[in-house]
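Chemist: final_15.txt is the file, holding compact mmCIF, C-alpha atoms and all ligand atoms:
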# COMPACT_ATOMS: atom_id res chain seq x y z
CA MET C 1459 57.50 -34.68 -25.65
CA GLN C 1460 55.29 -32.41 -23.60
CA PHE C 1461 51.56 -32.81 -23.32
CA THR C 1462 48.86 -30.56 -21.94
CA ARG C 1463 47.54 -31.16 -18.42
CA PHE C 1464 44.77 -33.17 -20.03
CA GLY C 1465 47.34 -35.15 -22.04
CA GLU C 1466 49.48 -35.80 -18.99
CA LYS C 1467 46.57 -36.91 -16.89
CA PHE C 1468 45.21 -39.27 -19.51
CA THR C 1469 48.54 -40.82 -20.45
CA ALA C 1470 49.76 -41.42 -16.89
CA TYR C 1471 50.10 -45.06 -15.86
CA SER C 1472 46.65 -45.46 -14.39
CA GLY C 1473 45.24 -48.51 -12.66
CA ILE C 1474 42.90 -49.15 -15.56
CA LEU C 1475 45.83 -49.03 -17.99
CA GLN C 1476 47.80 -51.57 -15.94
CA LEU C 1477 44.73 -53.78 -15.88
CA MET C 1478 44.03 -53.51 -19.61
CA ASP C 1479 47.75 -54.06 -20.40
CA ASP C 1480 47.88 -57.19 -18.27
CA LEU C 1481 44.67 -58.40 -19.81
CA GLY C 1482 45.80 -57.76 -23.38
CA ASN C 1483 49.18 -59.39 -22.78
CA ALA C 1484 47.63 -62.41 -21.10
CA VAL C 1485 45.14 -62.87 -23.92
CA ALA C 1486 47.84 -62.45 -26.57
CA GLY C 1487 50.49 -64.42 -24.66
CA SER C 1488 51.46 -68.04 -24.22
CA GLY C 1489 48.27 -69.21 -22.56
CA ASP C 1490 50.12 -70.25 -19.39
CA ILE C 1491 48.98 -67.17 -17.51
CA ILE C 1492 45.98 -67.62 -15.24
CA MET C 1493 44.11 -64.44 -15.92
CA LEU C 1494 41.87 -63.67 -12.96
CA GLY C 1495 42.44 -59.95 -13.32
CA GLY C 1496 40.25 -58.65 -16.10
CA GLY C 1497 36.60 -57.92 -16.60
CA ASN C 1498 35.97 -60.28 -19.48
CA PRO C 1499 32.74 -62.21 -19.28
CA SER C 1500 32.83 -65.98 -19.80
CA HIS C 1501 32.47 -67.31 -23.30
CA ILE C 1502 29.20 -69.13 -22.74
CA ALA C 1503 28.81 -71.38 -25.77
CA GLN C 1504 25.01 -71.25 -25.91
CA VAL C 1505 25.01 -67.46 -25.77
CA GLN C 1506 27.80 -67.12 -28.29
CA ASN C 1507 25.87 -69.41 -30.63
CA ILE C 1508 22.89 -67.08 -30.50
CA PHE C 1509 25.08 -64.17 -31.61
CA ARG C 1510 26.77 -66.33 -34.25
CA LYS C 1511 23.34 -67.19 -35.71
CA ARG C 1512 22.35 -63.54 -35.66
CA ILE C 1513 25.46 -62.64 -37.67
CA GLU C 1514 24.72 -65.41 -40.14
CA GLN C 1515 21.20 -64.03 -40.49
CA ILE C 1516 22.56 -60.54 -41.13
CA LEU C 1517 24.88 -61.91 -43.80
CA ALA C 1518 22.09 -63.86 -45.46
CA ASN C 1519 19.57 -61.04 -45.41
CA GLY C 1520 19.93 -59.00 -48.64
CA ASN C 1521 22.24 -56.06 -48.07
CA GLU C 1522 21.71 -55.86 -44.29
CA PHE C 1523 25.42 -56.46 -43.67
CA GLU C 1524 26.48 -53.70 -46.07
CA ARG C 1525 24.03 -51.27 -44.46
CA LEU C 1526 25.20 -52.17 -40.97
CA ILE C 1527 28.89 -51.61 -41.64
CA GLY C 1528 28.70 -49.07 -44.45
CA ASN C 1529 26.91 -46.09 -42.88
CA TYR C 1530 27.40 -43.70 -40.01
CA GLY C 1531 24.45 -43.74 -37.68
CA PRO C 1532 23.08 -40.66 -35.92
CA PRO C 1533 24.80 -39.52 -32.67
CA GLN C 1534 22.00 -41.07 -30.61
CA GLY C 1535 22.60 -44.47 -32.20
CA PRO C 1536 20.16 -46.35 -34.43
CA PRO C 1537 16.69 -44.97 -33.59
CA ALA C 1538 15.04 -48.41 -33.81
CA PHE C 1539 17.37 -49.68 -31.10
CA ALA C 1540 16.61 -46.82 -28.71
CA GLU C 1541 12.91 -47.43 -29.31
CA ALA C 1542 13.25 -51.15 -28.63
CA VAL C 1543 15.15 -50.48 -25.39
CA ALA C 1544 12.55 -47.97 -24.22
CA THR C 1545 9.66 -50.33 -25.03
CA LEU C 1546 11.31 -53.25 -23.26
CA LEU C 1547 11.90 -51.24 -20.07
CA GLN C 1548 8.42 -49.71 -20.21
CA GLN C 1549 6.79 -53.11 -20.57
CA THR C 1550 8.99 -54.85 -18.02
CA TYR C 1551 9.04 -52.27 -15.26
CA GLY C 1552 6.30 -49.81 -16.18
CA TRP C 1553 8.80 -46.94 -16.43
CA HIS C 1554 7.54 -43.89 -18.32
CA ILE C 1555 10.24 -43.61 -20.92
CA SER C 1556 10.47 -43.12 -24.65
CA SER C 1557 13.39 -43.34 -27.07
CA GLU C 1558 14.23 -39.73 -26.12
CA ASN C 1559 15.27 -41.02 -22.70
CA VAL C 1560 17.77 -43.41 -24.29
CA ALA C 1561 21.31 -42.61 -25.41
CA ILE C 1562 23.77 -45.11 -26.87
CA THR C 1563 27.53 -44.85 -26.31
CA ASN C 1564 30.61 -46.78 -27.33
CA GLY C 1565 30.54 -48.88 -24.16
CA SER C 1566 29.24 -47.62 -20.85
CA GLN C 1567 32.81 -46.63 -19.90
CA THR C 1568 32.41 -43.81 -22.42
CA ALA C 1569 29.10 -42.86 -20.84
CA PHE C 1570 30.81 -42.49 -17.45
CA PHE C 1571 33.49 -40.31 -18.98
CA TYR C 1572 30.80 -38.03 -20.42
CA LEU C 1573 28.59 -37.98 -17.35
CA PHE C 1574 31.34 -37.44 -14.80
CA ASN C 1575 32.85 -34.59 -16.79
CA MET C 1576 29.47 -33.00 -17.49
CA LEU C 1577 28.72 -32.99 -13.79
CA ALA C 1578 32.03 -32.75 -11.92
CA GLY C 1579 34.62 -30.01 -12.21
CA GLU C 1580 34.29 -26.28 -12.66
CA TYR C 1581 30.86 -24.74 -13.33
CA PRO C 1582 30.26 -21.48 -15.24
CA ASP C 1583 29.77 -19.61 -11.93
CA GLY C 1584 33.26 -20.63 -10.81
CA THR C 1585 32.15 -23.24 -8.26
CA THR C 1586 33.68 -26.71 -8.32
CA LYS C 1587 31.59 -29.82 -7.86
CA ARG C 1588 32.28 -33.46 -7.27
CA ILE C 1589 30.57 -36.83 -7.60
CA LEU C 1590 29.75 -38.67 -4.39
CA LEU C 1591 30.71 -42.35 -4.31
CA PRO C 1592 28.76 -43.38 -1.22
CA LEU C 1593 30.43 -46.74 -0.89
CA ALA C 1594 34.04 -47.59 -1.72
CA PRO C 1595 35.39 -50.07 -2.88
CA GLU C 1596 34.00 -48.98 -6.21
CA TYR C 1597 34.71 -49.62 -9.90
CA ILE C 1598 38.33 -49.01 -10.97
CA GLY C 1599 37.19 -47.55 -14.29
CA TYR C 1600 35.83 -44.44 -12.57
CA ALA C 1601 39.14 -43.61 -10.93
CA ASP C 1602 40.86 -41.77 -13.77
CA ALA C 1603 37.84 -40.62 -15.75
CA GLY C 1604 37.83 -37.00 -14.56
CA ILE C 1605 39.37 -34.26 -16.69
CA ALA C 1606 39.48 -32.11 -13.55
CA GLU C 1607 41.51 -33.34 -10.60
CA ASP C 1608 39.89 -34.99 -7.64
CA ILE C 1609 36.34 -35.32 -8.91
CA PHE C 1610 35.13 -37.78 -6.26
CA ALA C 1611 34.03 -37.46 -2.66
CA THR C 1612 34.17 -41.02 -1.39
CA ASN C 1613 32.85 -42.71 1.69
CA LYS C 1614 34.12 -45.71 3.60
CA PRO C 1615 31.64 -48.57 4.08
CA GLN C 1616 30.11 -50.23 7.10
CA PHE C 1617 30.91 -53.91 7.57
CA GLU C 1618 28.41 -56.64 8.26
CA TYR C 1619 29.93 -59.98 9.27
CA LEU C 1620 27.85 -62.89 7.99
CA ASP C 1621 29.98 -65.78 9.23
CA GLU C 1622 33.60 -66.30 10.23
CA HIS C 1623 34.85 -65.75 6.66
CA THR C 1624 32.06 -63.85 4.89
CA PHE C 1625 31.16 -60.18 5.09
CA LYS C 1626 29.12 -57.56 3.28
CA TYR C 1627 29.59 -53.82 2.89
CA HIS C 1628 26.80 -51.34 3.47
CA VAL C 1629 26.53 -47.62 2.82
CA ASP C 1630 27.44 -45.71 5.97
CA PHE C 1631 24.74 -43.04 5.78
CA GLU C 1632 25.95 -41.42 9.02
CA SER C 1633 29.25 -40.36 7.49
CA LEU C 1634 28.24 -39.48 3.91
CA PRO C 1635 30.15 -36.35 2.84
CA ILE C 1636 27.23 -34.69 1.07
CA ASP C 1637 26.63 -30.97 0.72
CA GLU C 1638 26.02 -28.37 -2.01
CA SER C 1639 29.38 -29.15 -3.63
CA ILE C 1640 28.15 -32.60 -4.71
CA SER C 1641 26.63 -32.69 -8.20
CA ALA C 1642 25.67 -36.38 -8.44
CA ILE C 1643 25.76 -39.64 -6.53
CA CYS C 1644 27.11 -42.73 -8.30
CA VAL C 1645 27.02 -46.43 -7.41
CA SER C 1646 27.62 -49.63 -9.33
CA ARG C 1647 24.94 -52.22 -8.55
CA PRO C 1648 26.03 -55.07 -8.60
CA THR C 1649 29.34 -53.57 -7.59
CA ASN C 1650 32.55 -54.21 -9.38
CA PRO C 1651 34.89 -55.20 -7.56
CA THR C 1652 33.03 -56.69 -4.62
CA GLY C 1653 29.95 -58.43 -6.02
CA ASN C 1654 27.93 -56.39 -3.53
CA VAL C 1655 24.34 -55.52 -4.40
CA LEU C 1656 23.05 -52.46 -2.60
CA THR C 1657 19.77 -53.33 -0.93
CA ASP C 1658 16.48 -51.79 -2.09
CA HIS C 1659 16.46 -49.89 1.19
CA GLU C 1660 19.91 -48.40 0.53
CA ILE C 1661 18.90 -47.42 -3.02
CA GLU C 1662 15.70 -45.83 -1.70
CA LYS C 1663 17.71 -43.78 0.78
CA LEU C 1664 20.21 -42.68 -1.86
CA ARG C 1665 17.38 -41.82 -4.20
CA HIS C 1666 15.76 -39.72 -1.53
CA LEU C 1667 19.04 -38.02 -0.68
CA ALA C 1668 19.75 -37.21 -4.34
CA ARG C 1669 16.26 -35.80 -4.77
CA SER C 1670 16.55 -33.67 -1.67
CA TYR C 1671 19.75 -32.10 -3.05
CA GLY C 1672 18.31 -31.80 -6.57
CA ILE C 1673 21.10 -33.92 -8.05
CA PRO C 1674 21.00 -37.12 -10.14
CA LEU C 1675 21.63 -40.61 -8.81
CA ILE C 1676 23.75 -42.54 -11.33
CA ILE C 1677 23.22 -46.29 -11.10
CA ASP C 1678 25.78 -48.33 -13.00
CA ASN C 1679 23.85 -51.42 -13.95
CA ALA C 1680 26.52 -53.08 -16.13
CA TYR C 1681 25.79 -56.46 -14.49
CA GLY C 1682 22.20 -55.97 -13.38
CA ALA C 1683 18.65 -56.65 -14.55
CA PRO C 1684 17.00 -56.96 -16.99
CA PHE C 1685 20.20 -57.80 -18.88
CA PRO C 1686 22.70 -59.40 -18.37
CA SER C 1687 21.11 -60.19 -15.01
CA ILE C 1688 24.30 -61.37 -13.29
CA ILE C 1689 22.65 -60.74 -9.97
CA PHE C 1690 21.86 -63.37 -7.34
CA GLU C 1691 19.72 -61.31 -4.97
CA LYS C 1692 16.07 -60.43 -5.37
CA VAL C 1693 16.15 -56.65 -5.74
CA THR C 1694 14.03 -54.19 -7.68
CA PRO C 1695 15.49 -52.18 -10.56
CA VAL C 1696 14.41 -48.54 -10.29
CA TRP C 1697 14.32 -45.54 -12.55
CA ASP C 1698 12.81 -42.08 -12.41
CA GLU C 1699 13.60 -38.70 -13.94
CA ASN C 1700 16.24 -38.16 -11.31
CA ILE C 1701 18.08 -41.44 -11.96
CA ILE C 1702 20.65 -41.99 -14.68
CA LEU C 1703 20.69 -45.72 -15.30
CA CYS C 1704 23.65 -47.05 -17.28
CA LEU C 1705 23.38 -50.42 -18.98
CA SER C 1706 25.77 -52.30 -21.21
CA LEU C 1707 25.83 -55.17 -23.69
CA SER C 1708 29.35 -56.13 -22.58
CA LYS C 1709 28.62 -58.59 -19.80
CA LEU C 1710 25.98 -60.23 -21.96
CA GLY C 1711 28.98 -61.51 -23.88
CA LEU C 1712 29.61 -58.61 -26.24
CA PRO C 1713 32.46 -56.52 -24.78
CA GLY C 1714 34.05 -56.35 -28.22
CA VAL C 1715 31.19 -54.46 -29.85
CA ARG C 1716 31.33 -51.57 -27.30
CA THR C 1717 27.71 -50.72 -26.64
CA GLY C 1718 26.56 -48.80 -23.60
CA ILE C 1719 23.00 -47.61 -22.97
CA VAL C 1720 22.07 -44.60 -20.85
CA ILE C 1721 18.52 -44.17 -19.57
CA ALA C 1722 18.02 -40.66 -18.29
CA ARG C 1723 15.76 -37.65 -18.38
CA LYS C 1724 15.53 -36.26 -21.93
CA GLU C 1725 17.83 -33.32 -21.33
CA ILE C 1726 20.62 -35.60 -20.08
CA ALA C 1727 20.14 -38.18 -22.85
CA ALA C 1728 20.36 -35.32 -25.38
CA ALA C 1729 23.56 -34.05 -23.71
CA VAL C 1730 25.11 -37.53 -24.04
CA ASN C 1731 24.17 -37.56 -27.73
CA SER C 1732 25.81 -34.17 -28.24
CA MET C 1733 29.00 -35.43 -26.66
CA ASN C 1734 28.89 -38.50 -28.90
CA ALA C 1735 28.80 -36.23 -31.94
CA VAL C 1736 31.91 -34.36 -30.82
CA VAL C 1737 33.92 -37.29 -29.50
CA SER C 1738 33.06 -40.06 -31.94
CA LEU C 1739 30.47 -38.71 -34.44
CA ALA C 1740 28.20 -41.65 -33.67
CA PRO C 1741 28.26 -44.79 -31.56
CA SER C 1742 29.01 -48.10 -33.23
CA SER C 1743 25.92 -49.63 -34.76
CA ILE C 1744 27.16 -53.23 -34.59
CA GLY C 1745 25.98 -53.95 -31.04
CA ALA C 1746 22.60 -52.44 -31.80
CA GLY C 1747 22.40 -54.50 -35.00
CA LEU C 1748 23.20 -57.71 -33.15
CA ALA C 1749 20.82 -57.10 -30.26
CA LEU C 1750 17.92 -55.26 -31.91
CA ASP C 1751 15.67 -58.25 -32.53
CA MET C 1752 16.26 -59.79 -29.11
CA MET C 1753 15.51 -56.43 -27.52
CA ARG C 1754 12.25 -56.17 -29.50
CA THR C 1755 11.09 -59.67 -28.63
CA GLY C 1756 12.34 -59.66 -25.04
CA GLU C 1757 14.58 -62.65 -25.83
CA ILE C 1758 17.46 -60.69 -24.30
CA MET C 1759 15.81 -61.12 -20.90
CA GLU C 1760 15.27 -64.83 -21.40
CA ILE C 1761 18.90 -65.32 -22.42
CA SER C 1762 19.92 -63.37 -19.33
CA ARG C 1763 17.66 -65.20 -16.90
CA GLN C 1764 17.90 -68.70 -18.33
CA LEU C 1765 21.48 -68.90 -19.55
CA ILE C 1766 23.63 -66.13 -18.13
CA GLN C 1767 22.41 -65.72 -14.56
CA PRO C 1768 22.42 -69.44 -13.64
CA TYR C 1769 25.80 -69.91 -15.30
CA TYR C 1770 27.49 -67.26 -13.16
CA GLU C 1771 25.65 -68.20 -10.00
CA LYS C 1772 26.89 -71.77 -10.33
CA ARG C 1773 30.44 -70.56 -11.03
CA ALA C 1774 30.32 -68.36 -7.94
CA GLU C 1775 29.17 -71.23 -5.72
CA GLN C 1776 31.81 -73.57 -7.08
CA ALA C 1777 34.62 -71.05 -6.80
CA GLU C 1778 33.52 -70.11 -3.30
CA ASP C 1779 34.10 -73.72 -2.24
CA TRP C 1780 37.59 -73.59 -3.77
CA VAL C 1781 38.34 -70.36 -1.91
CA TRP C 1782 37.36 -71.91 1.41
CA GLU C 1783 39.40 -75.00 0.57
CA ALA C 1784 42.49 -72.97 -0.32
CA LEU C 1785 42.32 -70.33 2.40
CA THR C 1786 40.96 -72.04 5.49
CA GLY C 1787 43.47 -71.62 8.26
CA THR C 1788 44.07 -67.97 7.35
CA PRO C 1789 42.04 -64.97 8.57
CA PHE C 1790 40.56 -64.38 5.11
CA PHE C 1791 37.21 -62.78 4.38
CA LEU C 1792 35.21 -63.09 1.18
CA HIS C 1793 32.65 -60.45 0.32
CA LYS C 1794 29.29 -62.18 -0.11
CA PRO C 1795 28.97 -62.79 -3.87
CA GLU C 1796 25.62 -61.22 -4.75
CA GLY C 1797 26.25 -60.41 -8.39
CA ALA C 1798 28.83 -59.51 -11.08
CA PHE C 1799 31.60 -62.09 -11.45
CA PHE C 1800 34.34 -61.14 -9.06
CA PHE C 1801 35.47 -62.25 -5.65
CA TRP C 1802 36.68 -59.56 -3.30
CA LEU C 1803 39.04 -61.15 -0.84
CA TRP C 1804 40.16 -59.37 2.28
CA PHE C 1805 43.18 -60.56 4.23
CA LYS C 1806 42.88 -59.08 7.66
CA ASP C 1807 46.08 -57.69 9.23
CA PHE C 1808 47.93 -58.72 6.12
CA PRO C 1809 51.71 -58.51 6.59
CA ILE C 1810 52.42 -57.40 2.98
CA SER C 1811 50.51 -54.98 0.76
CA SER C 1812 48.10 -56.18 -1.89
CA ALA C 1813 50.47 -54.61 -4.48
CA GLU C 1814 53.28 -56.86 -3.22
CA LEU C 1815 50.90 -59.81 -3.31
CA TYR C 1816 49.98 -58.88 -6.89
CA ASP C 1817 53.68 -59.04 -7.86
CA ARG C 1818 54.21 -62.37 -6.12
CA LEU C 1819 51.17 -63.85 -7.81
CA LYS C 1820 52.18 -62.45 -11.18
CA GLN C 1821 55.54 -64.21 -10.81
CA ARG C 1822 53.65 -67.43 -10.26
CA GLY C 1823 51.58 -66.82 -13.37
CA VAL C 1824 48.37 -65.67 -11.69
CA LEU C 1825 46.98 -62.22 -12.42
CA VAL C 1826 44.58 -60.53 -10.00
CA VAL C 1827 43.94 -56.84 -9.31
CA PRO C 1828 45.36 -55.31 -6.12
CA GLY C 1829 42.59 -53.78 -4.06
CA HIS C 1830 43.96 -50.26 -3.59
CA TYR C 1831 42.80 -49.22 -7.07
CA PHE C 1832 39.19 -49.57 -6.05
CA PHE C 1833 39.02 -46.61 -3.69
CA PRO C 1834 38.80 -43.68 -6.13
CA GLY C 1835 38.72 -40.42 -4.22
CA LEU C 1836 39.43 -41.97 -0.80
CA HIS C 1837 42.74 -40.35 0.03
CA GLU C 1838 43.00 -41.15 3.71
CA GLU C 1839 45.30 -43.83 5.03
CA TRP C 1840 43.31 -46.96 5.72
CA GLU C 1841 44.93 -50.37 5.96
CA HIS C 1842 41.87 -52.04 4.45
CA LYS C 1843 42.76 -50.46 1.08
CA THR C 1844 45.92 -52.58 0.85
CA GLU C 1845 44.52 -55.78 2.35
CA CYS C 1846 42.20 -56.80 -0.48
CA ILE C 1847 42.36 -58.22 -3.98
CA ARG C 1848 39.82 -58.70 -6.72
CA MET C 1849 39.73 -61.91 -8.70
CA ASN C 1850 37.53 -62.83 -11.62
CA TYR C 1851 36.09 -66.35 -11.54
CA THR C 1852 34.93 -66.49 -15.18
CA PRO C 1853 37.89 -68.21 -16.90
CA GLU C 1854 37.90 -71.93 -17.52
CA GLU C 1855 37.19 -73.95 -14.33
CA GLY C 1856 40.54 -75.72 -14.12
CA LYS C 1857 42.38 -72.42 -14.34
CA VAL C 1858 40.24 -70.71 -11.73
CA ARG C 1859 40.73 -73.62 -9.34
CA GLN C 1860 44.48 -73.67 -9.90
CA GLY C 1861 44.66 -69.88 -9.55
CA ILE C 1862 42.82 -70.02 -6.25
CA ARG C 1863 45.13 -72.77 -5.03
CA ILE C 1864 48.18 -70.61 -5.84
CA ILE C 1865 46.56 -67.59 -4.16
CA GLY C 1866 46.03 -69.78 -1.08
CA GLU C 1867 49.70 -70.80 -1.05
CA GLU C 1868 50.92 -67.23 -1.36
CA ILE C 1869 48.56 -65.99 1.35
CA LYS C 1870 49.72 -68.69 3.73
CA ARG C 1871 53.34 -67.88 2.92
CA ALA C 1872 52.77 -64.16 3.54
CA TYR C 1873 51.09 -64.73 6.91
CA ALA C 1874 53.88 -67.16 7.89
CA GLU C 1875 56.47 -64.41 7.27
CA LYS C 1876 54.91 -62.22 9.91
C1 LIG C 1901 30.80 -51.66 -12.99
C2 LIG C 1901 31.21 -51.44 -14.41
N1 LIG C 1901 30.73 -50.37 -15.04
C3 LIG C 1901 31.06 -50.12 -16.31
C4 LIG C 1901 31.91 -50.94 -17.01
C5 LIG C 1901 32.25 -50.59 -18.42
O1 LIG C 1901 31.76 -51.52 -19.31
P1 LIG C 1901 31.59 -51.27 -20.88
O2 LIG C 1901 32.31 -50.00 -21.23
O3 LIG C 1901 32.20 -52.46 -21.52
O4 LIG C 1901 30.11 -51.14 -21.12
C6 LIG C 1901 32.43 -52.07 -16.40
C7 LIG C 1901 33.37 -52.95 -17.12
O5 LIG C 1901 33.97 -53.85 -16.60
C8 LIG C 1901 32.07 -52.33 -15.06
O6 LIG C 1901 32.54 -53.39 -14.41
Rewrite the structure from the file as structure tokens, please.
Modeler:
Amino acid sequence: MQFTRFGEKFTAYSGILQLMDDLGNAVAGSGDIIMLGGGNPSHIAQVQNIFRKRIEQILANGNEFERLIGNYGPPQGPPAFAEAVATLLQQTYGWHISSENVAITNGSQTAFFYLFNMLAGEYPDGTTKRILLPLAPEYIGYADAGIAEDIFATNKPQFEYLDEHTFKYHVDFESLPIDESISAICVSRPTNPTGNVLTDHEIEKLRHLARSYGIPLIIDNAYGAPFPSIIFEKVTPVWDENIILCLSLSKLGLPGVRTGIVIARKEIAAAVNSMNAVVSLAPSSIGAGLALDMMRTGEIMEISRQLIQPYYEKRAEQAEDWVWEALTGTPFFLHKPEGAFFFWLWFKDFPISSAELYDRLKQRGVLVVPGHYFFPGLHEEWEHKTECIRMNYTPEEGKVRQGIRIIGEEIKRAYAEK
């Protein structure tokens, strides 16, 4: 069967599809697989209990349940939820926003699809514009989101070496490919896949650069403050009329309810709402229903700071020890874990590609993501792209430890083959 160009592009075997397939199969499968590949948050019992209680409350409260599931909401999502989000951000950070600056989408992935395609591609005057990713590695989910081909201009990072096995990427401002053909700058902060957190200084510079070109700076805050706050560095969240800040309820523990939140200047928030109407009529109201009260009271920030953030920070520290234990003796590098819940491991002068490593690990029952998927728009040959893997350290402790041990064995075997 033949599809349109759009159909072909969106049904091709993309990195994100491989990832979601592996994830789905591992979750549905025998349970023997050690799934370190996906983006699922941990099931933190205390947090899950809070949502369980909220559902029980909804069920017990007159016809709240029937109203929640039985009606379409407006394209901008439930108005009370947008208001609660705006008030929380106003009160927490002093940002001048109202509910008109808030748009709700079915997951923030959907928001990126809208935003990228609103901003990158062909303009009415015939010019073609692209999104600048100032620092790759960057989130795999961006890679295939463009309807037009080749929507990213992507920059390689600078490396800072922190000790013999730890490094950190920085934006290389000297080599940023920015000119009039760039229509927005986009960064994830904390970054998936590396756990990097761009410094306040880097964000300030990007903000300035975006302003000087009259283009928006998109900050993907899926893991950041004020929720879910999976961030281990002291940095300042920022927003102004020129920033499009994307938040999500997923990493709070609710990936199944698909709720993304866009904070942007009114005209952009309204554009997102219009796209919602066309693509899905309205966003799901379940996430908003579950989180409305905790957004109103600010409890969402307490849950994030007191339960979620310490949980992941502890997991990161623990798993970092296991990585050192399993990999010492090899020239491995771990990106400094500053947030999110992934380790980005770099095997310098690696004799096999990360895709080959992925296959070997899969045969041993461990799923990771090969690093080359995380360089959307970076077409040049660069050995670093095939020397890295991303692993998630959120599954059950025993599994993570065993997975890391197997990764260590395979890395040692690969280097020994050299
Ligand atoms: C950096 C980043 N942005 C956006 C998303 C999309 O999340 P969701 O669509 O669940 O809100 C993810 C998911 O893993 C992510 O890691």
Chemist: From the set C:Ala1569, C:Arg1647, C:Phe1799, C:Thr1469, which residue has the shortest atom-to-atom contact distance to Lys1772 in chain C, counting only C-alpha atoms?
Modeler: C:Phe1799
Chemist: As a list in words, please: the residues near Lys1794 in chain C (cut-off 10 Å, all atoms listed in the file, same-chain neighbours under 3 positions excluded).
Modeler: Tyr1619, Leu1620, His1623, Thr1624, Phe1625, Lys1626, Tyr1627, Thr1652, Gly1653, Asn1654, Val1655, Glu1778, Phe1791, Gly1797, Phe1801, Trp1802 and Leu1803 of chain C
Chemist: Considering only C-alpha atoms, state which residue in the set C:Leu1836, C:Gln1567, C:Ile1869, C:Trp1553 is at the smallest distance from Ala1594 in chain C.
Modeler: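 Under the stated criterion, the closest residue is C:Leu1836.
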Chemist: Ranking C:Ser1811, C:Thr1586, C:Asn1650, C:Gln1504 by minimum distance to ligand LIG 1901 (chain C) and counting all atoms listed in the file, which one comes first?
Modeler: C:Asn1650
Chemist: Do you have the CA of Gly1745 in chain C-CA of Tyr1551 in chain C distance handy?
Modeler: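 CA of Tyr1551 in chain C lies 23.2 Å from CA of Gly1745 in chain C.
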Chemist: Please return as a list in words the residues found within 6 Å of ligand LIG 1901 (chain C), counting all atoms listed in the file.
Modeler: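 Counting all atoms listed in the file, the residues within 6 Å of ligand LIG 1901 (chain C) come out as Gly1497, Gly1565, Ser1566, Gln1567, Tyr1597, Ser1646, Thr1649, Asn1650, Asp1678, Ala1680, Ser1706, Ser1708, Pro1713, Arg1716 and Gly1718 of chain C.
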Chemist: Using all atoms listed in the file, find the one residue out of C:Arg1754, C:Arg1773, C:Glu1618, C:Tyr1816 that sits nearest to Glu1854 in chain C.
Modeler: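 When distances to Glu1854 in chain C are compared using all atoms listed in the file, the smallest one comes from C:Arg1773.
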Chemist: What gap, in Å, lies between CA of Pro1674 in chain C and CA of Leu1577 in chain C?
Modeler: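 About the pair CA of Pro1674 in chain C and CA of Leu1577 in chain C: they are 9.5 Å apart.
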Chemist: Using all atoms listed in the file, which of C:Gln1506, C:Lys1467, C:Tyr1681, C:Tyr1769 sits nearest Ala1603 in chain C?
Modeler: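 Ranking C:Gln1506, C:Lys1467, C:Tyr1681, C:Tyr1769 by distance to Ala1603 in chain C, first place goes to C:Lys1467.
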Chemist: Rank nothing, just name the residue among C:Arg1588, C:Lys1843, C:Arg1859, C:His1793 nearest to Val1824 in chain C, using all atoms listed in the file.
Modeler: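 That would be C:Arg1859, the residue with the smallest distance to Val1824 in chain C.
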Chemist: I'd like the neighbourhood of Pro1684 in chain C as a list in words, where a residue qualifies if any of its atoms comes within 9 Å (using all atoms listed in the file), though same-chain residues fewer than 6 positions away should be ignored.
Modeler: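 Once the adjacent positions are removed, what remains is Leu1547, Thr1550, Pro1695, Ile1758, Met1759, Ser1762 and Arg1763 of chain C.
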Chemist: Which residues come within 10 Å of Ser1556 in chain C, counting only C-alpha atoms, excluding same-chain residues fewer than 4 positions away, as a list in words?
Modeler: Ala1540, Glu1541, Ala1542, Val1543, Ala1544, Thr1545, Leu1547, Gln1548, Val1560, Ile1721, Arg1723 and Lys1724 of chain C
Chemist: Limited to C-alpha atoms, could you put the picked residues into a file as a JSON list (two decimals), keeping the file's coordinate frame?
Modeler:
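The resulting selection_7.json:
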[["chain", "number", "residue", "atom", "x", "y", "z"],
["C", 1540, "ALA", "CA", 16.61, -46.82, -28.71],
["C", 1541, "GLU", "CA", 12.91, -47.43, -29.31],
["C", 1542, "ALA", "CA", 13.25, -51.15, -28.63],
["C", 1543, "VAL", "CA", 15.15, -50.48, -25.39],
["C", 1544, "ALA", "CA", 12.55, -47.97, -24.22],
["C", 1545, "THR", "CA", 9.66, -50.33, -25.03],
["C", 1547, "LEU", "CA", 11.90, -51.24, -20.07],
["C", 1548, "GLN", "CA", 8.42, -49.71, -20.21],
["C", 1560, "VAL", "CA", 17.77, -43.41, -24.29],
["C", 1721, "ILE", "CA", 18.52, -44.17, -19.57],
["C", 1723, "ARG", "CA", 15.76, -37.65, -18.38],
["C", 1724, "LYS", "CA", 15.53, -36.26, -21.93]]
Chemist: Please identify all polymer residues within 12 Å of Pro1533 in chain C, counting all atoms listed in the file, omitting same-chain residues fewer than 3 positions from it, and present them as a ChimeraX atom specification.
Modeler: /C:1530,1536-1537,1540,1560-1564,1727-1743
Chemist: Any idea what's packed within 9 Å of Glu1596 in chain C, counting all atoms listed in the file, ignoring anything in its chain fewer than 3 positions away? Could you give it as a PyMOL selection string?
Modeler: chain C and resi 1591+1593+1599-1601+1645-1646+1649-1652+1831-1834
Chemist: So how far away is CA of Ile1605 in chain C from CA of Asn1575 in chain C, in Å?
Modeler: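 CA of Asn1575 in chain C sits 6.5 Å away from CA of Ile1605 in chain C.
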Chemist: Counting all atoms listed in the file, which residues have an atom no more than 8 Å from (33.1, -37.8, -4.0) in the file's coordinates? Please list them as a PyMOL selection string.
Modeler: chain C and resi 1588-1592+1609-1613+1635+1640+1643+1835
